[in-house]
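Participant: Input structure: data.pdb, which contains PDB, C-alpha atoms and all ligand atoms.
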```pdb
ATOM      1  CA  MET A 489     194.900  49.920 230.586
ATOM      2  CA  GLU A 490     191.332  50.868 229.751
ATOM      3  CA  GLN A 491     188.293  48.678 230.399
ATOM      4  CA  LYS A 492     187.778  48.420 226.624
ATOM      5  CA  GLU A 493     191.225  46.959 226.193
ATOM      6  CA  ILE A 494     190.673  44.463 229.012
ATOM      7  CA  ILE A 495     187.432  43.332 227.330
ATOM      8  CA  LYS A 496     189.317  42.975 224.029
ATOM      9  CA  LEU A 497     191.978  40.744 225.650
ATOM     10  CA  LEU A 498     189.297  38.668 227.367
ATOM     11  CA  ASN A 499     187.565  38.227 224.030
ATOM     12  CA  ASP A 500     190.819  37.143 222.367
ATOM     13  CA  ASN A 501     191.133  34.548 225.129
ATOM     14  CA  PHE A 502     187.508  33.500 224.708
ATOM     15  CA  VAL A 503     188.074  32.852 220.982
ATOM     16  CA  ARG A 504     191.282  30.883 221.646
ATOM     17  CA  GLU A 505     189.450  28.732 224.184
ATOM     18  CA  LEU A 506     186.646  28.200 221.657
ATOM     19  CA  GLU A 507     189.154  27.121 219.002
ATOM     20  CA  ALA A 508     190.844  24.724 221.439
ATOM     21  CA  ALA A 509     187.471  23.270 222.498
ATOM     22  CA  MET A 510     186.490  22.654 218.864
ATOM     23  CA  ILE A 511     189.870  21.247 217.837
ATOM     24  CA  TYR A 512     189.964  18.857 220.809
ATOM     25  CA  THR A 513     186.350  17.824 220.213
ATOM     26  CA  ARG A 514     187.134  16.870 216.609
ATOM     27  CA  ASN A 515     190.425  15.211 217.520
ATOM     28  CA  TYR A 516     189.126  12.954 220.261
ATOM     29  CA  PHE A 517     186.715  11.386 217.783
ATOM     30  CA  ILE A 518     189.555  10.767 215.325
ATOM     31  CA  MET A 519     192.030   9.303 217.843
ATOM     32  CA  LYS A 520     191.952   5.531 217.753
ATOM     33  CA  ASP A 521     193.807   5.025 221.020
ATOM     34  CA  CYS A 522     191.483   5.039 223.955
ATOM     35  CA  ASP A 523     193.622   6.792 226.556
ATOM     36  CA  PRO A 524     194.685   9.933 224.633
ATOM     37  CA  SER A 525     191.147  10.209 223.236
ATOM     38  CA  ARG A 526     189.577  10.168 226.727
ATOM     39  CA  VAL A 527     192.125  12.709 227.989
ATOM     40  CA  THR A 528     191.490  15.015 225.032
ATOM     41  CA  GLU A 529     187.733  14.714 225.556
ATOM     42  CA  ALA A 530     188.019  15.649 229.232
ATOM     43  CA  ILE A 531     190.270  18.596 228.400
ATOM     44  CA  SER A 532     187.864  19.870 225.724
ATOM     45  CA  VAL A 533     185.300  20.196 228.518
ATOM     46  CA  ASP A 534     187.823  22.184 230.615
ATOM     47  CA  GLU A 535     188.266  24.581 227.669
ATOM     48  CA  MET A 536     184.496  25.087 227.511
ATOM     49  CA  ARG A 537     184.539  25.875 231.209
ATOM     50  CA  HIS A 538     187.293  28.436 230.546
ATOM     51  CA  MET A 539     185.000  29.985 227.909
ATOM     52  CA  TRP A 540     182.268  30.203 230.513
ATOM     53  CA  TRP A 541     184.551  31.957 233.034
ATOM     54  CA  LEU A 542     185.825  34.412 230.404
ATOM     55  CA  ALA A 543     182.333  35.162 229.074
ATOM     56  CA  ASP A 544     181.277  35.896 232.655
ATOM     57  CA  LEU A 545     184.139  38.402 233.057
ATOM     58  CA  ILE A 546     183.346  39.953 229.648
ATOM     59  CA  THR A 547     179.625  40.460 230.266
ATOM     60  CA  LYS A 548     180.187  41.749 233.826
ATOM     61  CA  ARG A 549     182.334  44.489 232.257
ATOM     62  CA  GLY A 550     179.734  45.420 229.665
ATOM     63  CA  GLY A 551     181.184  43.457 226.752
ATOM     64  CA  LYS A 552     179.809  40.675 224.598
ATOM     65  CA  PRO A 553     181.642  37.415 223.858
ATOM     66  CA  THR A 554     182.642  37.080 220.209
ATOM     67  CA  MET A 555     182.724  33.811 218.302
ATOM     68  CA  GLU A 556     184.785  34.933 215.311
ATOM     69  CA  HIS A 557     187.412  32.249 215.272
ATOM     70  CA  LYS A 558     190.218  31.651 212.799
ATOM     71  CA  GLU A 559     190.335  28.711 210.432
ATOM     72  CA  LEU A 560     190.948  25.669 212.630
ATOM     73  CA  ASP A 561     194.258  23.818 212.503
ATOM     74  CA  PHE A 562     193.713  20.315 213.889
ATOM     75  CA  GLY A 563     197.270  19.138 213.437
ATOM     76  CA  GLY A 564     196.573  16.130 211.232
ATOM     77  CA  ASP A 565     194.953  12.714 211.307
ATOM     78  CA  ASP A 566     197.658  10.788 213.137
ATOM     79  CA  LEU A 567     197.940  10.760 216.912
ATOM     80  CA  LYS A 568     201.442  12.242 217.007
ATOM     81  CA  SER A 569     200.587  15.332 214.966
ATOM     82  CA  MET A 570     197.321  15.886 216.838
ATOM     83  CA  LEU A 571     199.131  15.742 220.197
ATOM     84  CA  GLU A 572     201.882  18.055 218.937
ATOM     85  CA  ARG A 573     199.281  20.560 217.761
ATOM     86  CA  GLN A 574     197.467  20.360 221.108
ATOM     87  CA  ILE A 575     200.710  20.899 223.034
ATOM     88  CA  LYS A 576     201.394  23.969 220.861
ATOM     89  CA  LEU A 577     197.921  25.374 221.596
ATOM     90  CA  GLU A 578     198.468  24.939 225.332
ATOM     91  CA  SER A 579     201.951  26.532 225.147
ATOM     92  CA  ASP A 580     200.622  29.537 223.217
ATOM     93  CA  GLY A 581     197.861  29.981 225.776
ATOM     94  CA  ILE A 582     200.270  29.653 228.707
ATOM     95  CA  GLU A 583     202.530  32.361 227.276
ATOM     96  CA  ILE A 584     199.624  34.754 226.676
ATOM     97  CA  TYR A 585     198.073  34.173 230.116
ATOM     98  CA  ILE A 586     201.415  34.756 231.889
ATOM     99  CA  GLN A 587     201.768  38.082 230.082
ATOM    100  CA  GLN A 588     198.214  39.163 230.831
ATOM    101  CA  ILE A 589     198.514  38.231 234.518
ATOM    102  CA  GLU A 590     201.495  40.611 234.742
ATOM    103  CA  ASN A 591     199.806  43.456 232.878
ATOM    104  CA  ILE A 592     196.057  43.554 233.516
ATOM    105  CA  PRO A 593     195.180  45.901 236.411
ATOM    106  CA  ASP A 594     192.016  44.054 237.445
ATOM    107  CA  GLU A 595     192.183  41.753 240.434
ATOM    108  CA  GLU A 596     189.161  39.636 239.540
ATOM    109  CA  VAL A 597     190.412  39.064 235.978
ATOM    110  CA  VAL A 598     193.908  38.174 237.198
ATOM    111  CA  GLY A 599     192.458  35.690 239.711
ATOM    112  CA  VAL A 600     190.517  33.858 236.999
ATOM    113  CA  LEU A 601     193.454  33.923 234.562
ATOM    114  CA  LYS A 602     195.748  32.395 237.199
ATOM    115  CA  HIS A 603     193.296  29.565 237.672
ATOM    116  CA  ILE A 604     193.051  29.002 233.899
ATOM    117  CA  LEU A 605     196.858  29.163 233.592
ATOM    118  CA  ASP A 606     197.256  26.357 236.152
ATOM    119  CA  GLU A 607     194.854  24.201 234.159
ATOM    120  CA  GLU A 608     196.609  24.896 230.825
ATOM    121  CA  LYS A 609     199.913  23.814 232.406
ATOM    122  CA  ARG A 610     198.280  20.598 233.529
ATOM    123  CA  HIS A 611     196.771  20.059 230.054
ATOM    124  CA  ARG A 612     200.153  20.476 228.400
ATOM    125  CA  LYS A 613     201.655  17.985 230.828
ATOM    126  CA  GLU A 614     198.886  15.458 230.079
ATOM    127  CA  PHE A 615     199.395  15.793 226.310
ATOM    128  CA  ARG A 616     203.189  15.620 226.643
ATOM    129  CA  GLN A 617     202.902  12.414 228.674
ATOM    130  CA  ARG A 618     200.780  10.834 225.892
ATOM    131  CA  LEU A 619     203.308  11.902 223.272
ATOM    132  CA  GLU A 620     206.178  10.495 225.360
ATOM    133  CA  SER A 621     204.420   7.181 225.900
ATOM    134  CA  MET A 622     204.047   6.812 222.097
ATOM    135  CA  LYS A 623     207.838   6.713 221.873
ATOM    136  CA  THR A 624     208.176   4.006 224.518
ATOM    137  CA  ASP A 625     205.216   1.769 223.478
TER     138      ASP A 625
HETATM  139 FE    FE A 701     191.735  26.749 228.277
HETATM  140 FE    FE A 702     194.014  23.851 227.878
END
```
Starting from the file, give its structure as structure tokens.
Facilitator:
Amino acid sequence: MEQKEIIKLLNDNFVRELEAAMIYTRNYFIMKDCDPSRVTEAISVDEMRHMWWLADLITKRGGKPTMEHKELDFGGDDLKSMLERQIKLESDGIEIYIQQIENIPDEEVVGVLKHILDEEKRHRKEFRQRLESMKTD
């Protein structure tokens, strides 16, 4: 795998983290329930930190972070559909990071991606717990 391709993958990740940060930032303002809103707010900050780590890897390798994100899909205006959308975003990220960790021949990149992967797994768990507690409330 060439350096250029590694930078491209890191940029894809950077854009996905940006999209997640924006979606969570919008959603936590819309959520009326305090607890899922606070959790989503805290996680949006984690996603911004992931952007920072990825941008650092990108620029160290001579690339530039790109901001060209897709149209944002927020899920909806009700808590259930927002949480489902957020769980999907985390699952997509988890799948991509697992693949990249197996395939990218760059120790520093893999180290950072493993750390991000652990956090995405925790995020998904947090969102799933909020979705589950909706069913039991
Ligand atoms: Fe993230
Ligand atoms: Fe996440």
Participant: Would you mind listing, for every residue of chain A within 10 Å of ligand FE 701 (chain A), the two atoms forming the shortest contact and the distance between them in Å to one decimal, using all atoms listed in the file, sorted by chain and ascending residue number, as JSON lines?
Facilitator:
```
{"residue": "A:Asn501", "atom": "CA", "partner": "A:FE701", "partner_atom": "FE", "distance": 8.4}
{"residue": "A:Phe502", "atom": "CA", "partner": "A:FE701", "partner_atom": "FE", "distance": 8.7}
{"residue": "A:Arg504", "atom": "CA", "partner": "A:FE701", "partner_atom": "FE", "distance": 7.8}
{"residue": "A:Glu505", "atom": "CA", "partner": "A:FE701", "partner_atom": "FE", "distance": 5.1}
{"residue": "A:Leu506", "atom": "CA", "partner": "A:FE701", "partner_atom": "FE", "distance": 8.5}
{"residue": "A:Glu507", "atom": "CA", "partner": "A:FE701", "partner_atom": "FE", "distance": 9.6}
{"residue": "A:Ala508", "atom": "CA", "partner": "A:FE701", "partner_atom": "FE", "distance": 7.2}
{"residue": "A:Ala509", "atom": "CA", "partner": "A:FE701", "partner_atom": "FE", "distance": 8.0}
{"residue": "A:Ile531", "atom": "CA", "partner": "A:FE701", "partner_atom": "FE", "distance": 8.3}
{"residue": "A:Ser532", "atom": "CA", "partner": "A:FE701", "partner_atom": "FE", "distance": 8.3}
{"residue": "A:Val533", "atom": "CA", "partner": "A:FE701", "partner_atom": "FE", "distance": 9.2}
{"residue": "A:Asp534", "atom": "CA", "partner": "A:FE701", "partner_atom": "FE", "distance": 6.5}
{"residue": "A:Glu535", "atom": "CA", "partner": "A:FE701", "partner_atom": "FE", "distance": 4.1}
{"residue": "A:Met536", "atom": "CA", "partner": "A:FE701", "partner_atom": "FE", "distance": 7.5}
{"residue": "A:Arg537", "atom": "CA", "partner": "A:FE701", "partner_atom": "FE", "distance": 7.8}
{"residue": "A:His538", "atom": "CA", "partner": "A:FE701", "partner_atom": "FE", "distance": 5.3}
{"residue": "A:Met539", "atom": "CA", "partner": "A:FE701", "partner_atom": "FE", "distance": 7.5}
{"residue": "A:Leu542", "atom": "CA", "partner": "A:FE701", "partner_atom": "FE", "distance": 9.9}
{"residue": "A:Leu577", "atom": "CA", "partner": "A:FE701", "partner_atom": "FE", "distance": 9.2}
{"residue": "A:Glu578", "atom": "CA", "partner": "A:FE701", "partner_atom": "FE", "distance": 7.6}
{"residue": "A:Gly581", "atom": "CA", "partner": "A:FE701", "partner_atom": "FE", "distance": 7.4}
{"residue": "A:Ile582", "atom": "CA", "partner": "A:FE701", "partner_atom": "FE", "distance": 9.0}
{"residue": "A:Tyr585", "atom": "CA", "partner": "A:FE701", "partner_atom": "FE", "distance": 9.9}
{"residue": "A:Leu601", "atom": "CA", "partner": "A:FE701", "partner_atom": "FE", "distance": 9.7}
{"residue": "A:His603", "atom": "CA", "partner": "A:FE701", "partner_atom": "FE", "distance": 9.9}
{"residue": "A:Ile604", "atom": "CA", "partner": "A:FE701", "partner_atom": "FE", "distance": 6.2}
{"residue": "A:Leu605", "atom": "CA", "partner": "A:FE701", "partner_atom": "FE", "distance": 7.8}
{"residue": "A:Asp606", "atom": "CA", "partner": "A:FE701", "partner_atom": "FE", "distance": 9.6}
{"residue": "A:Glu607", "atom": "CA", "partner": "A:FE701", "partner_atom": "FE", "distance": 7.1}
{"residue": "A:Glu608", "atom": "CA", "partner": "A:FE701", "partner_atom": "FE", "distance": 5.8}
{"residue": "A:Lys609", "atom": "CA", "partner": "A:FE701", "partner_atom": "FE", "distance": 9.6}
{"residue": "A:His611", "atom": "CA", "partner": "A:FE701", "partner_atom": "FE", "distance": 8.6}
```
Participant: Identify which of the residues A:Asp500, A:Glu595, A:Asp521, A:Glu614 lies closest to ligand FE 702 (chain A), counting all atoms listed in the file when measuring atom-to-atom distances.
Facilitator: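 Of A:Asp500, A:Glu595, A:Asp521, A:Glu614, the one nearest ligand FE 702 (chain A), counting all atoms listed in the file, is A:Glu614.
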Participant: Which is closer to ligand FE 702 (chain A) than all the others in A:Glu493, A:Asp580, A:Glu556, A:Asp566, using only C-alpha atoms and all ligand atoms?
Facilitator: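 Result for the nearest residue to ligand FE 702 (chain A): A:Asp580.
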Participant: Pull out every residue that the PyMOL selection byres (((chain A and resi 573) around 10) and not hetatm) matches in the shown coordinates and put them as a VMD selection string.
Facilitator: chain A and resid 511 to 512 561 to 564 567 to 572 574 to 579 615
Participant: So what do you get for CA of Lys602 in chain A versus CA of Arg549 in chain A, distance-wise?
Facilitator: 18.7 Å
Participant: CA of Ile495 in chain A to CA of Lys613 in chain A: how many Å, to one decimal?
Facilitator: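 Interatomic distance here is 29.3 Å.
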Participant: Could you check how far CA of His557 in chain A sits from CA of Asp544 in chain A, in Å to one decimal?
Facilitator: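 CA of His557 in chain A sits 18.8 Å away from CA of Asp544 in chain A.
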Participant: Name the closest residue to ligand FE 702 (chain A) among the candidates A:Arg616, A:Arg610, A:Lys558, A:Arg526; distances are taken between atoms, counting all atoms listed in the file.
Facilitator: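 Residue with the minimum atom-to-atom distance to ligand FE 702 (chain A): A:Arg610.
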Participant: Rank nothing, just name the residue among A:Gln588, A:Ser621, A:Thr547, A:Thr528 nearest to ligand FE 702 (chain A), using all atoms listed in the file.
Facilitator: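 Distance minimum relative to ligand FE 702 (chain A) lands on A:Thr528.
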Participant: Just checking: using all atoms listed in the file, which residue out of A:Leu497, A:Met489, A:Ala530, A:Met519 ends up closest to ligand FE 702 (chain A)?
Facilitator: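 Once distances to ligand FE 702 (chain A) are computed over all atoms listed in the file, the minimum belongs to A:Ala530.
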Participant: For ligand FE 702 (chain A), which of A:Asp565, A:Glu529, A:Glu620, A:Glu596 is the closest residue, counting all atoms listed in the file?
Facilitator: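 Once distances to ligand FE 702 (chain A) are computed over all atoms listed in the file, the minimum belongs to A:Glu529.
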